>>> print(open('input_22.csv').read())   # CSV, C-alpha atoms
chain,number,residue,atom,x,y,z
U,1164,MET,CA,0.0,0.0,0.0
U,1165,GLY,CA,3.0,2.3,-0.2
U,1166,ALA,CA,3.5,2.4,3.5
U,1167,GLY,CA,6.7,1.4,5.3
U,1168,PRO,CA,7.1,-1.1,8.0
U,1169,ILE,CA,5.3,-0.6,11.3
U,1170,ARG,CA,7.7,0.0,14.3
U,1171,ASP,CA,6.5,1.0,17.8
U,1172,GLY,CA,3.1,1.7,16.4
U,1173,LEU,CA,4.4,4.2,13.9
U,1174,ILE,CA,4.2,3.9,10.1
U,1175,ARG,CA,7.6,4.8,8.6
U,1176,GLU,CA,6.8,6.4,5.3
U,1177,GLY,CA,9.2,6.3,2.4
U,1178,THR,CA,10.9,3.2,3.6
U,1179,ALA,CA,9.1,0.6,1.4
U,1180,GLN,CA,11.0,-0.8,-1.6
U,1181,GLY,CA,10.7,1.3,-4.7
U,1182,VAL,CA,9.2,4.3,-2.8
U,1183,PRO,CA,11.5,7.3,-2.8
U,1184,PRO,CA,12.2,9.0,0.6
U,1185,ARG,CA,10.1,11.9,1.4
U,1186,GLN,CA,11.9,15.2,1.0
U,1187,ILE,CA,11.8,17.5,4.0
U,1188,VAL,CA,11.6,21.2,3.0
U,1189,ALA,CA,13.0,23.7,5.4
U,1190,PRO,CA,10.3,26.2,6.5
U,1191,ARG,CA,10.6,29.7,5.2
U,1192,PRO,CA,12.0,32.2,7.7
U,1193,ALA,CA,9.5,34.5,9.4
U,1194,ALA,CA,9.5,38.0,8.1
U,1195,PRO,CA,10.3,40.8,10.6
U,1196,THR,CA,7.3,42.0,12.5
U,1197,MET,CA,6.2,45.6,12.7
U,1198,HIS,CA,6.9,45.8,16.4
U,1199,PRO,CA,9.4,43.9,18.6
U,1200,LYS,CA,8.4,40.7,20.1
U,1201,LYS,CA,7.4,41.1,23.8
U,1202,VAL,CA,9.7,39.5,26.3
U,1203,ARG,CA,8.5,38.1,29.6
U,1204,GLY,CA,10.8,38.8,32.5
U,1205,GLY,CA,13.3,40.8,30.5
U,1206,VAL,CA,16.0,43.1,31.9
U,1207,ARG,CA,14.6,46.7,32.0
U,1208,LEU,CA,15.4,50.1,33.4
U,1209,ALA,CA,14.8,50.3,37.2
U,1210,ALA,CA,13.0,53.7,37.2
U,1211,LYS,CA,9.3,53.7,36.7
U,1212,ASP,CA,9.4,56.7,34.4
U,1213,GLY,CA,11.7,54.7,32.1
U,1214,ALA,CA,14.7,57.0,32.4
U,1215,VAL,CA,18.3,56.0,32.9
U,1216,CYS,CA,19.4,56.5,36.5
U,1217,ARG,CA,20.5,60.1,37.1
U,1218,ALA,CA,23.5,59.2,39.3
U,1219,TRP,CA,26.8,60.7,38.1
U,1220,SER,CA,28.2,57.3,37.2
U,1221,SER,CA,25.2,56.5,35.0
U,1222,GLN,CA,25.3,59.8,33.2
U,1223,ARG,CA,29.1,59.6,32.8
U,1224,TRP,CA,28.7,56.2,31.1
U,1225,MET,CA,26.0,57.4,28.8
U,1226,ARG,CA,27.9,60.4,27.6
U,1227,LEU,CA,29.9,58.5,25.0
U,1228,VAL,CA,26.8,56.7,23.8
U,1229,GLU,CA,25.0,60.0,23.2
U,1230,GLU,CA,28.0,61.3,21.2
U,1231,LEU,CA,28.4,58.2,19.0
U,1232,ALA,CA,25.0,56.7,18.5
U,1233,PRO,CA,22.6,58.0,15.9
U,1234,ASN,CA,19.6,59.8,17.3
U,1235,GLU,CA,17.1,57.3,16.0
U,1236,ALA,CA,19.1,54.3,17.3
U,1237,MET,CA,19.5,56.0,20.6
U,1238,ALA,CA,15.8,56.7,21.0
U,1239,GLU,CA,14.8,53.2,19.9
U,1240,GLY,CA,17.4,51.6,22.2
U,1241,LEU,CA,16.1,53.5,25.2
U,1242,ARG,CA,12.6,52.3,24.3
U,1243,TYR,CA,13.8,48.7,24.2
U,1244,ALA,CA,15.4,49.2,27.6
U,1245,GLN,CA,12.2,50.6,29.0
U,1246,MET,CA,10.2,47.7,27.5
U,1247,GLY,CA,12.5,45.0,28.9
U,1248,GLN,CA,13.6,43.6,25.5
U,1249,ALA,CA,16.9,42.3,26.8
U,1250,ARG,CA,16.5,38.6,27.5
U,1251,SER,CA,19.9,38.4,29.4
U,1252,LEU,CA,22.7,40.8,30.4
U,1253,ALA,CA,26.0,39.7,31.9
U,1254,THR,CA,29.1,41.7,32.8
U,1255,ASP,CA,32.7,40.5,33.2
U,1256,HIS,CA,36.2,41.8,33.2
U,1257,GLY,CA,36.4,43.9,30.0
U,1258,ARG,CA,33.2,42.4,28.5
U,1259,ILE,CA,29.5,42.9,28.4
U,1260,THR,CA,27.2,40.3,26.7
U,1261,ALA,CA,23.5,40.4,26.1
U,1262,ARG,CA,20.7,39.0,24.1
U,1263,VAL,CA,18.2,41.5,22.9
U,1264,GLN,CA,14.8,40.6,21.4
U,1265,GLY,CA,14.0,42.5,18.2
U,1266,ARG,CA,11.4,41.9,15.4
U,1267,LEU,CA,12.8,38.5,14.4
U,1268,PRO,CA,12.0,35.3,16.3
U,1269,ALA,CA,15.6,34.8,17.4
U,1270,ALA,CA,17.2,37.3,19.8
U,1271,TYR,CA,20.2,39.3,18.7
U,1272,GLY,CA,23.6,38.8,20.3
U,1273,VAL,CA,25.3,42.0,21.6
U,1274,GLU,CA,28.8,42.3,22.8
U,1275,VAL,CA,30.7,45.3,24.2
U,1276,ARG,CA,34.4,45.1,24.9
U,1277,LEU,CA,36.6,47.6,26.7
U,1278,PRO,CA,40.3,47.2,27.7
U,1279,VAL,CA,41.1,46.0,31.3
U,1280,PHE,CA,43.9,47.7,33.2
U,1281,GLU,CA,47.1,45.9,33.9
U,1282,PHE,CA,48.4,45.1,37.4
U,1283,GLY,CA,50.9,47.9,37.3
U,1284,GLU,CA,48.3,50.4,36.1
U,1285,TRP,CA,46.0,49.5,38.9
U,1286,GLU,CA,48.9,49.9,41.4
U,1287,HIS,CA,49.5,53.5,40.3
U,1288,ALA,CA,45.8,54.3,40.4
U,1289,LEU,CA,45.3,52.7,43.8
U,1290,ALA,CA,48.2,54.6,45.2
U,1291,SER,CA,46.7,57.9,44.0
U,1292,MET,CA,43.4,57.0,45.6
U,1293,ALA,CA,45.0,56.0,48.9
U,1294,ALA,CA,46.7,59.4,49.1
U,1295,GLU,CA,43.3,61.2,49.2
U,1296,ALA,CA,41.3,61.0,52.4
U,1297,ARG,CA,38.0,61.8,50.7
U,1298,HIS,CA,38.5,58.8,48.4
U,1299,VAL,CA,39.4,56.6,51.3
U,1300,ALA,CA,36.2,57.5,53.3
U,1301,GLY,CA,34.0,57.3,50.2
U,1302,LEU,CA,35.2,53.9,48.9
U,1303,LEU,CA,35.3,52.2,52.3
U,1304,ALA,CA,31.7,53.5,52.9
U,1305,GLY,CA,30.6,51.9,49.6
U,1306,ASP,CA,30.5,55.2,47.6
U,1307,VAL,CA,32.5,56.1,44.5
U,1308,PRO,CA,33.1,59.9,44.4
U,1309,ALA,CA,32.6,61.7,41.2
U,1310,VAL,CA,36.2,62.9,41.2
U,1311,ILE,CA,37.6,59.4,41.2
U,1312,GLU,CA,38.7,59.8,37.6
U,1313,GLU,CA,41.3,62.3,38.7
U,1314,CYS,CA,43.3,59.4,40.2
U,1315,PHE,CA,43.5,57.7,36.8
U,1316,ALA,CA,44.1,60.6,34.4
U,1317,PRO,CA,47.7,61.4,35.6
U,1318,HIS,CA,48.7,57.8,34.7
U,1319,GLY,CA,47.2,58.0,31.2
U,1320,LEU,CA,44.2,55.9,32.1
U,1321,ARG,CA,40.5,56.6,31.5
U,1322,LEU,CA,38.2,54.9,34.0
U,1323,PHE,CA,35.1,55.6,31.9
U,1324,PRO,CA,35.3,55.2,28.2
U,1325,SER,CA,35.6,58.6,26.6
U,1326,LEU,CA,36.6,57.9,23.0
U,1327,ALA,CA,35.2,55.7,20.3
U,1328,SER,CA,38.4,53.7,20.4
U,1329,ASP,CA,37.8,52.9,24.1
U,1330,LEU,CA,34.9,50.5,23.2
U,1331,THR,CA,34.4,47.7,20.7
U,1332,VAL,CA,30.7,47.1,20.1
U,1333,SER,CA,29.1,44.4,17.9
U,1334,CYS,CA,25.6,43.1,17.2
U,1335,THR,CA,24.2,40.2,15.0
U,1336,CYS,CA,21.2,42.2,13.8
U,1337,ALA,CA,22.8,43.3,10.5
U,1338,THR,CA,23.8,39.7,9.6
U,1339,ALA,CA,20.5,38.2,10.7
U,1340,ASN,CA,18.3,40.7,8.9
U,1341,ARG,CA,20.3,40.4,5.7
U,1342,ALA,CA,20.0,36.6,5.7
U,1343,VAL,CA,16.2,36.7,6.4
U,1344,ARG,CA,15.6,39.3,3.7
U,1345,SER,CA,17.7,37.4,1.2
U,1346,ALA,CA,15.8,34.1,1.9
U,1347,LEU,CA,12.5,35.9,1.4
U,1348,GLY,CA,13.6,37.6,-1.7
U,1349,MET,CA,13.1,41.0,-0.1
U,1350,ALA,CA,15.3,44.0,-0.8
U,1351,HIS,CA,17.4,44.9,2.1
U,1352,PRO,CA,19.2,48.1,2.8
U,1353,GLU,CA,23.0,48.3,3.1
U,1354,ALA,CA,24.5,47.7,6.5
U,1355,PRO,CA,24.6,50.8,8.6
U,1356,GLN,CA,27.8,52.7,8.7
U,1357,SER,CA,27.6,53.0,12.5
U,1358,PRO,CA,27.9,49.9,14.7
U,1359,TRP,CA,25.7,51.6,17.3
U,1360,CYS,CA,22.4,50.0,16.5
U,1361,LYS,CA,19.4,50.2,18.8
U,1362,HIS,CA,20.2,46.9,20.4
U,1363,VAL,CA,23.7,48.1,21.4
U,1364,CYS,CA,22.2,51.3,22.7
U,1365,CYS,CA,19.7,49.3,24.7
U,1366,VAL,CA,22.5,47.3,26.4
U,1367,MET,CA,24.5,50.4,27.1
U,1368,ALA,CA,21.5,52.1,28.7
U,1369,LEU,CA,20.9,49.0,30.9
U,1370,VAL,CA,24.6,48.9,32.0
U,1371,GLY,CA,24.4,52.7,32.7
U,1372,ASP,CA,21.4,52.1,34.9
U,1373,ARG,CA,23.2,49.4,36.8
U,1374,LEU,CA,26.1,51.8,37.4
U,1375,GLY,CA,23.7,54.0,39.3
U,1376,SER,CA,23.0,51.4,41.9
U,1377,ASP,CA,26.5,49.8,41.8
U,1378,PRO,CA,29.2,52.3,40.8
U,1379,PHE,CA,31.9,49.7,41.6
U,1380,LEU,CA,30.8,48.0,38.4
U,1381,ILE,CA,33.1,50.3,36.4
U,1382,PHE,CA,36.1,48.9,38.3
U,1383,HIS,CA,34.9,45.4,37.6
U,1384,LEU,CA,34.6,46.1,33.9
U,1385,ARG,CA,38.2,47.4,34.0
U,1386,GLY,CA,39.5,44.2,35.5
U,1387,LEU,CA,39.2,44.5,39.3
U,1388,ALA,CA,36.2,43.2,41.2
U,1389,ARG,CA,34.8,45.2,44.1
U,1390,GLU,CA,36.1,43.0,46.9
U,1391,ASP,CA,39.5,42.6,45.2
U,1392,LEU,CA,39.7,46.4,44.8
U,1393,LEU,CA,38.9,47.1,48.4
U,1394,GLU,CA,41.3,44.5,49.6
U,1395,ARG,CA,44.2,45.9,47.6
U,1396,PHE,CA,43.1,49.4,48.6
U,1397,ARG,CA,43.3,48.4,52.3
U,1398,GLN,CA,46.8,47.0,51.7
U,1399,LYS,CA,47.8,50.3,50.1
U,1400,ARG,CA,46.6,52.2,53.1
U,1401,ALA,CA,48.4,49.9,55.5
U,1402,VAL,CA,51.7,49.9,53.6
U,1403,GLY,CA,53.5,53.1,52.4
U,1404,GLY,CA,55.3,53.6,49.2
U,1405,PRO,CA,58.9,52.8,48.3
U,1406,GLY,CA,61.3,53.5,51.1
U,1407,SER,CA,64.0,56.1,50.9
U,1408,ASP,CA,67.6,55.9,52.0
U,1409,ASP,CA,66.8,57.0,55.5
U,1410,ALA,CA,63.8,54.7,55.8
U,1411,GLY,CA,65.3,51.4,54.9
U,1412,ALA,CA,66.3,49.6,51.7
U,1413,PRO,CA,65.1,51.3,48.5
U,1414,GLY,CA,61.8,49.8,47.2
U,1415,ARG,CA,61.0,48.1,50.5
U,1416,PRO,CA,57.4,48.8,51.8
U,1417,VAL,CA,57.4,50.9,55.0
U,1418,PRO,CA,54.5,50.8,57.4
U,1419,VAL,CA,52.6,54.1,57.6
U,1420,TYR,CA,52.6,54.0,61.4
U,1421,VAL,CA,55.0,52.1,63.5
U,1422,PRO,CA,53.8,52.1,67.2
U,1423,ARG,CA,56.4,52.4,70.0
U,1424,LEU,CA,55.5,50.8,73.3
U,1425,PRO,CA,57.4,52.3,76.3
U,1426,GLY,CA,59.0,49.6,78.4
U,1427,VAL,CA,58.8,47.1,75.5
U,1428,ASP,CA,60.8,48.6,72.7
U,1429,ASP,CA,63.5,50.0,75.0
U,1430,ALA,CA,66.4,47.6,75.0
U,1431,GLY,CA,67.0,46.0,78.4
U,1432,ALA,CA,64.0,47.8,80.0
U,1433,THR,CA,61.8,44.7,80.1
U,1434,PRO,CA,62.5,42.1,82.7
U,1435,GLY,CA,62.3,38.4,81.9
U,1436,LEU,CA,59.0,36.5,82.1
U,1437,GLU,CA,59.9,34.7,85.3
U,1438,ARG,CA,60.7,37.9,87.1
U,1439,ALA,CA,57.4,39.5,85.9
U,1440,LEU,CA,55.0,36.7,86.9
U,1441,GLY,CA,54.0,38.5,90.1
U,1442,SER,CA,52.9,41.6,88.2
U,1443,PHE,CA,51.8,40.0,85.0
U,1444,TRP,CA,48.1,41.0,85.4
U,1445,THR,CA,48.9,44.4,86.9
U,1446,PRO,CA,48.3,47.3,84.5
U,1447,GLY,CA,51.2,49.7,84.0
U,1448,GLU,CA,51.2,53.4,84.8
U,1449,ALA,CA,50.9,54.3,81.2
U,1450,LEU,CA,47.4,52.9,81.1
U,1451,GLU,CA,46.1,55.9,83.1
U,1452,ALA,CA,47.6,58.3,80.5
U,1453,LEU,CA,46.0,56.5,77.6
U,1454,GLU,CA,43.5,58.7,75.9
U,1455,LEU,CA,40.6,57.3,73.8
U,1456,PRO,CA,38.4,60.3,73.1
U,1457,ILE,CA,35.0,59.7,71.6
U,1458,ARG,CA,34.7,61.8,68.5
U,1459,GLU,CA,32.0,62.2,65.9
U,1460,PRO,CA,32.9,60.1,62.8
U,1461,GLU,CA,34.1,61.9,59.7
U,1462,VAL,CA,31.8,59.7,57.6
U,1463,SER,CA,28.5,58.8,59.1
U,1464,HIS,CA,27.0,55.3,59.0
U,1465,VAL,CA,30.0,53.6,57.4
U,1466,LEU,CA,29.0,50.1,58.4
U,1467,LEU,CA,25.4,50.5,57.3
U,1468,ARG,CA,26.5,51.8,53.9
U,1469,ARG,CA,28.8,48.8,53.5
U,1470,LEU,CA,26.0,46.4,54.4
U,1471,GLY,CA,23.6,47.9,51.9
U,1472,ALA,CA,19.8,47.6,51.8
U,1473,SER,CA,17.9,45.5,54.3
U,1474,PRO,CA,17.3,41.9,53.0
U,1475,PHE,CA,13.9,41.8,54.7
U,1476,GLU,CA,11.1,42.7,52.4
U,1477,GLY,CA,7.6,43.9,53.3
U,1478,THR,CA,8.7,45.4,56.6
U,1479,ARG,CA,6.6,48.1,58.2
U,1480,PHE,CA,9.6,50.4,58.9
U,1481,PRO,CA,12.9,50.9,57.0
U,1482,LEU,CA,15.4,48.9,59.1
U,1483,VAL,CA,18.4,50.8,57.8
U,1484,GLY,CA,16.9,54.2,58.6
U,1485,LEU,CA,16.0,53.1,62.1
U,1486,LEU,CA,19.5,51.8,62.8
U,1487,ALA,CA,21.0,55.0,61.4
U,1488,THR,CA,18.8,57.0,63.8
U,1489,CYS,CA,19.8,54.7,66.7
U,1490,TYR,CA,23.5,55.1,65.9
U,1491,ASP,CA,23.2,58.9,65.9
U,1492,LEU,CA,21.3,59.0,69.2
U,1493,ILE,CA,23.7,56.6,70.9
U,1494,GLY,CA,26.7,58.5,69.6
U,1495,ARG,CA,25.4,61.9,70.7
U,1496,SER,CA,24.6,60.5,74.2
U,1497,ALA,CA,28.1,59.0,74.5
U,1498,ARG,CA,29.8,62.2,73.5
U,1499,ALA,CA,27.6,64.2,75.9
U,1500,GLU,CA,28.4,61.8,78.8
U,1501,GLU,CA,32.1,62.1,78.1
U,1502,ALA,CA,32.0,65.9,78.0
U,1503,ALA,CA,30.3,65.9,81.4
U,1504,LEU,CA,33.0,63.8,83.0
U,1505,PRO,CA,35.6,65.7,85.1
U,1506,PRO,CA,39.1,65.8,83.7
U,1507,ALA,CA,41.7,63.2,84.9
U,1508,ASP,CA,43.4,65.7,87.3
U,1509,GLY,CA,40.2,65.9,89.3
U,1510,HIS,CA,39.7,69.7,88.9
U,1511,THR,CA,36.4,70.9,87.4
U,1512,PRO,CA,37.1,73.5,84.7
U,1513,ALA,CA,35.5,76.8,85.3
U,1514,THR,CA,32.7,77.9,83.0
U,1515,PRO,CA,32.3,81.5,81.8
U,1516,GLY,CA,29.3,82.0,84.1
U,1517,ASP,CA,31.1,81.0,87.3
U,1518,ALA,CA,31.8,83.8,89.8
U,1519,PRO,CA,35.4,84.2,91.1
U,1520,ALA,CA,36.1,83.1,94.7
U,1521,ALA,CA,36.3,85.8,97.4
U,1522,ASP,CA,40.0,85.3,97.9
U,1523,ASP,CA,40.7,85.8,94.2
U,1524,ALA,CA,38.7,89.0,94.0
U,1525,ASP,CA,40.6,92.3,93.7
>>> encode(input="input_22.csv", output="structure tokens")
Amino acid sequence: MGAGPIRDGLIREGTAQGVPPRQIVAPRPAAPTMHPKKVRGGVRLAAKDGAVCRAWSSQRWMRLVEELAPNEAMAEGLRYAQMGQARSLATDHGRITARVQGRLPAAYGVEVRLPVFEFGEWEHALASMAAEARHVAGLLAGDVPAVIEECFAPHGLRLFPSLASDLTVSCTCATANRAVRSALGMAHPEAPQSPWCKHVCCVMALVGDRLGSDPFLIFHLRGLAREDLLERFRQKRAVGGPGSDDAGAPGRPVPVYVPRLPGVDDAGATPGLERALGSFWTPGEALEALELPIREPEVSHVLLRRLGASPFEGTRFPLVGLLATCYDLIGRSARAEEAALPPADGHTPATPGDAPAADDAD
């Protein structure tokens, strides 16, 4: 009857003797739709108004995009970012990859590359950052100051890409559209002269938005993750630069502060352990002269800033804000109590309103 043998309840057509095998014709590719295909759960801009974050790091990142991208591609890319057309977005050292859904069934692949800094280049930049107290306080508190680029410029480095040569962008949209239009027999325009298509602009806008909430991402893109940067930064703060002739061997790290303990560092001033057993737990006289004043911190809520937002969702009160208020109240109370204590010599200082004693009067 022209049917093939029956196996597993299925009739295998085209397998009988003398019957040619059935030809499988590949389906025609789908033509581009008028509007982009909607993506469920795509990566989108965080702001409800659909604007890129207004933080300085976000605006600094988008400056180059606004200069290089055509106006139409820029506008459509922002619309894609608002709609959540990016199916995925990943960042790594020197590389950004994403899949952006357009008007074809398959998503386009977008890749953005930027050079990473070498170890020696990072050493110079970190040394410049460690020399500025404002950078120290900001970075350790989890903030990246807007003037951080000043630490890179003297060494010929650009933290944020500023020139067209600082970035390499690519997208598969031109190749995919050309192949589909050729298969359908449709005329297709020439490939655009600018590589900054709407899909690349969409990805750049999403990365800029992430920089607003995590400005340390720019360091990660340049080759140094946040934790690694802070660790090397702390090492730079703990160890000084190359030593001079009067500070030790040239090129040898010198501690920034070398404490001297009276009675310990003096040669011959410390008795042996056997002779000091009787007074081992007795504090020395220098303990009374030790001053530990309670001062207001230069940067408020450093620990809370490093911890970030509260992991508890749906709480009635903002936990971080409540803790910050508690820290401020406890700190002011402790400083007030210390100010009310009499000095160590036992004499109460005279206040401007105190009247002089009779014996001291003229």
>>> atom_distance(input="input_22.csv", atom1="atom CA of U:Ala1288", atom2="atom CA of U:Ser1376")
23.0 Å
>>> closest_residue(input="input_22.csv", among="U:Pro1233, U:Asp1255, U:Leu1277, U:Val1462", to="U:Arg1297", atoms="all atoms listed in the file")
U:Val1462
>>> atom_distance(input="input_22.csv", atom1="atom CA of U:Pro1308", atom2="atom CA of U:Phe1379")
10.6 Å
>>> closest_residue(input="input_22.csv", among="U:Ala1309, U:Val1215, U:Leu1330, U:Leu1467", to="U:Leu1369", atoms="all atoms listed in the file")
U:Val1215
>>> atom_distance(input="input_22.csv", atom1="atom CA of U:Arg1250", atom2="atom CA of U:Ser1325")
27.7 Å
>>> closest_residue(input="input_22.csv", among="U:Leu1380, U:Leu1374, U:Met1367, U:Leu1453", to="U:Arg1217", atoms="only C-alpha atoms")
U:Leu1374
>>> build_atoms(input="input_22.csv", residues="stretch 1449-1472 of chain U", atoms="N, CA and C atoms", output="short mmCIF file (atom, residue, chain, number, x, y, z; two decimals), in the frame of the given file")
data_model
loop_
_atom_site.label_atom_id
_atom_site.label_comp_id
_atom_site.auth_asym_id
_atom_site.auth_seq_id
_atom_site.Cartn_x
_atom_site.Cartn_y
_atom_site.Cartn_z
N ALA U 1449 51.26 53.63 82.42
CA ALA U 1449 50.90 54.30 81.20
C ALA U 1449 49.43 54.13 80.81
N LEU U 1450 48.77 53.15 81.45
CA LEU U 1450 47.40 52.90 81.10
C LEU U 1450 46.50 54.11 81.50
N GLU U 1451 46.85 54.78 82.62
CA GLU U 1451 46.10 55.90 83.10
C GLU U 1451 46.21 57.10 82.10
N ALA U 1452 47.35 57.17 81.43
CA ALA U 1452 47.60 58.30 80.50
C ALA U 1452 47.05 58.01 79.11
N LEU U 1453 46.52 56.80 78.90
CA LEU U 1453 46.00 56.50 77.60
C LEU U 1453 44.69 57.20 77.33
N GLU U 1454 44.63 57.94 76.24
CA GLU U 1454 43.50 58.70 75.90
C GLU U 1454 42.73 58.09 74.72
N LEU U 1455 41.45 57.84 74.92
CA LEU U 1455 40.60 57.30 73.80
C LEU U 1455 39.37 58.20 73.74
N PRO U 1456 39.53 59.39 73.20
CA PRO U 1456 38.40 60.30 73.10
C PRO U 1456 37.33 59.79 72.15
N ILE U 1457 36.10 60.11 72.46
CA ILE U 1457 35.00 59.70 71.60
C ILE U 1457 34.67 60.92 70.70
N ARG U 1458 34.93 60.75 69.45
CA ARG U 1458 34.70 61.80 68.50
C ARG U 1458 33.63 61.46 67.49
N GLU U 1459 33.04 62.47 66.90
CA GLU U 1459 32.00 62.20 65.90
C GLU U 1459 32.74 61.72 64.61
N PRO U 1460 32.26 60.66 63.99
CA PRO U 1460 32.90 60.10 62.80
C PRO U 1460 32.94 61.08 61.66
N GLU U 1461 34.01 61.02 60.87
CA GLU U 1461 34.10 61.90 59.70
C GLU U 1461 33.06 61.52 58.65
N VAL U 1462 32.80 60.22 58.50
CA VAL U 1462 31.80 59.70 57.60
C VAL U 1462 30.74 58.97 58.38
N SER U 1463 29.51 59.39 58.29
CA SER U 1463 28.50 58.80 59.10
C SER U 1463 28.00 57.45 58.51
N HIS U 1464 27.64 56.53 59.39
CA HIS U 1464 27.00 55.30 59.00
C HIS U 1464 27.85 54.45 58.02
N VAL U 1465 29.13 54.34 58.29
CA VAL U 1465 30.00 53.60 57.40
C VAL U 1465 29.62 52.16 57.28
N LEU U 1466 29.38 51.53 58.42
CA LEU U 1466 29.00 50.10 58.40
C LEU U 1466 27.70 49.85 57.72
N LEU U 1467 26.72 50.70 57.98
CA LEU U 1467 25.40 50.50 57.30
C LEU U 1467 25.52 50.67 55.82
N ARG U 1468 26.36 51.58 55.37
CA ARG U 1468 26.50 51.80 53.90
C ARG U 1468 27.18 50.55 53.29
N ARG U 1469 28.11 49.96 54.01
CA ARG U 1469 28.80 48.80 53.50
C ARG U 1469 27.85 47.58 53.41
N LEU U 1470 26.95 47.49 54.39
CA LEU U 1470 26.00 46.40 54.40
C LEU U 1470 24.96 46.50 53.32
N GLY U 1471 24.60 47.72 52.95
CA GLY U 1471 23.60 47.90 51.90
C GLY U 1471 22.19 47.85 52.41
N ALA U 1472 21.27 47.64 51.49
CA ALA U 1472 19.80 47.60 51.80
C ALA U 1472 19.49 46.43 52.68
#
